[in-house]
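Q: Just passing along the structure, written as structure tokens.
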Amino acid sequence: MLVSLPGKISFVVLLLLIAQFILLTVMVIENNGLGAIVVIVQFTPVTATLGLIFGAWSINKESGWLRFIPISVLAISAVYVLLFLSIMLGFAPSFGE
């Protein structure tokens, strides 16, 4: 079990990020792409910010193999931030052409 309070909060944020991914996947599979974009625009800034804050904070607090959870929270949050920025700022998949 995670030892520190930031580690436990980062685990809860990881569960939120996974639930958000499942929701987005279901929306895309059901051909509701606009709904998926709305969910990304509404929820991603909050969940990704919480993931980045608590992930970075709990990396220093946790040790051993439990450090995998904060690192995965940081990685998933970074992917969500990139996805949010690509939708909001309109980055092309080529990034420079």
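How things are named: the first chain in the structure tokens is A, the next is B, and so on; residues count from 1 in each chain; ligands count from 1 in the order shown.
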As a PyMOL selection string, please: every residue in stretch 1-95 of chain A that a backbone DSSP assignment puts in alpha helix (DSSP H).
A: chain A and resi 5-29+33-61+68-89
Q: Compile the contact shell of A:Ser72 as a CSV table (one decimal) with C-alpha atoms, in the first residue's frame: residues with an atom at most 12 Å away, counting only C-alpha atoms, same-chain residues fewer than 2 positions apart removed.
A:
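After the write, selection25.csv holds the following:
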```
chain,number,residue,atom,x,y,z
A,7,GLY,CA,0.9,8.8,-3.0
A,10,SER,CA,-2.0,10.2,-6.9
A,11,PHE,CA,-3.5,6.7,-6.9
A,13,VAL,CA,-6.0,10.6,-9.7
A,14,LEU,CA,-4.7,7.6,-11.6
A,15,LEU,CA,-8.1,6.0,-11.2
A,17,LEU,CA,-7.5,9.3,-15.5
A,18,ILE,CA,-8.2,5.7,-16.3
A,51,GLY,CA,-2.0,14.4,-12.0
A,52,LEU,CA,1.0,16.5,-12.7
A,54,PHE,CA,0.4,15.0,-7.2
A,55,GLY,CA,2.5,12.8,-9.4
A,56,ALA,CA,5.5,15.0,-9.1
A,58,SER,CA,4.6,11.8,-4.6
A,59,ILE,CA,7.6,10.7,-6.6
A,65,TRP,CA,8.2,-0.5,-6.8
A,66,LEU,CA,5.3,1.7,-5.6
A,67,ARG,CA,7.1,4.6,-7.3
A,68,PHE,CA,5.6,3.2,-10.5
A,69,ILE,CA,2.2,4.7,-9.7
A,70,PRO,CA,3.3,8.3,-9.5
A,74,LEU,CA,2.9,11.8,-14.6
A,75,ALA,CA,3.1,10.1,-17.9
A,76,ILE,CA,-0.6,9.8,-18.5
A,77,SER,CA,-1.2,13.4,-17.4
A,78,ALA,CA,1.5,14.6,-19.8
A,79,VAL,CA,-0.3,12.7,-22.6
```
Q: Find the residue from A:Ile9, A:Leu85, A:Val3, A:Leu16 that sits nearest to A:Thr47; use only C-alpha atoms when measuring.
A: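 Of all the options, A:Leu16 lies closest to A:Thr47.
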Q: Of the candidates A:Leu89, A:Leu82, A:Gly64, A:Leu50, which one gets nearest to A:Pro6 if we count only C-alpha atoms?
A: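 Of A:Leu89, A:Leu82, A:Gly64, A:Leu50, the one nearest A:Pro6, counting only C-alpha atoms, is A:Leu50.
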Q: Which of these, A:Val73, A:Ser63, A:Leu23, A:Val81, has the shortest distance to A:Gly35 once you count only C-alpha atoms?
A: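 Closest candidate: A:Leu23.
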Q: Have a look at A:Val26, A:Val46, A:Ile40, A:Ala19 and name the one nearest to A:Ile87; count only C-alpha atoms.
A: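 Answer, going by the shortest atom-to-atom distance: A:Ile40.
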Q: Have a look at atom CA of A:Ile29 and atom CA of A:Thr49 and let me know their distance in Å, one decimal.
A: 26.5 Å
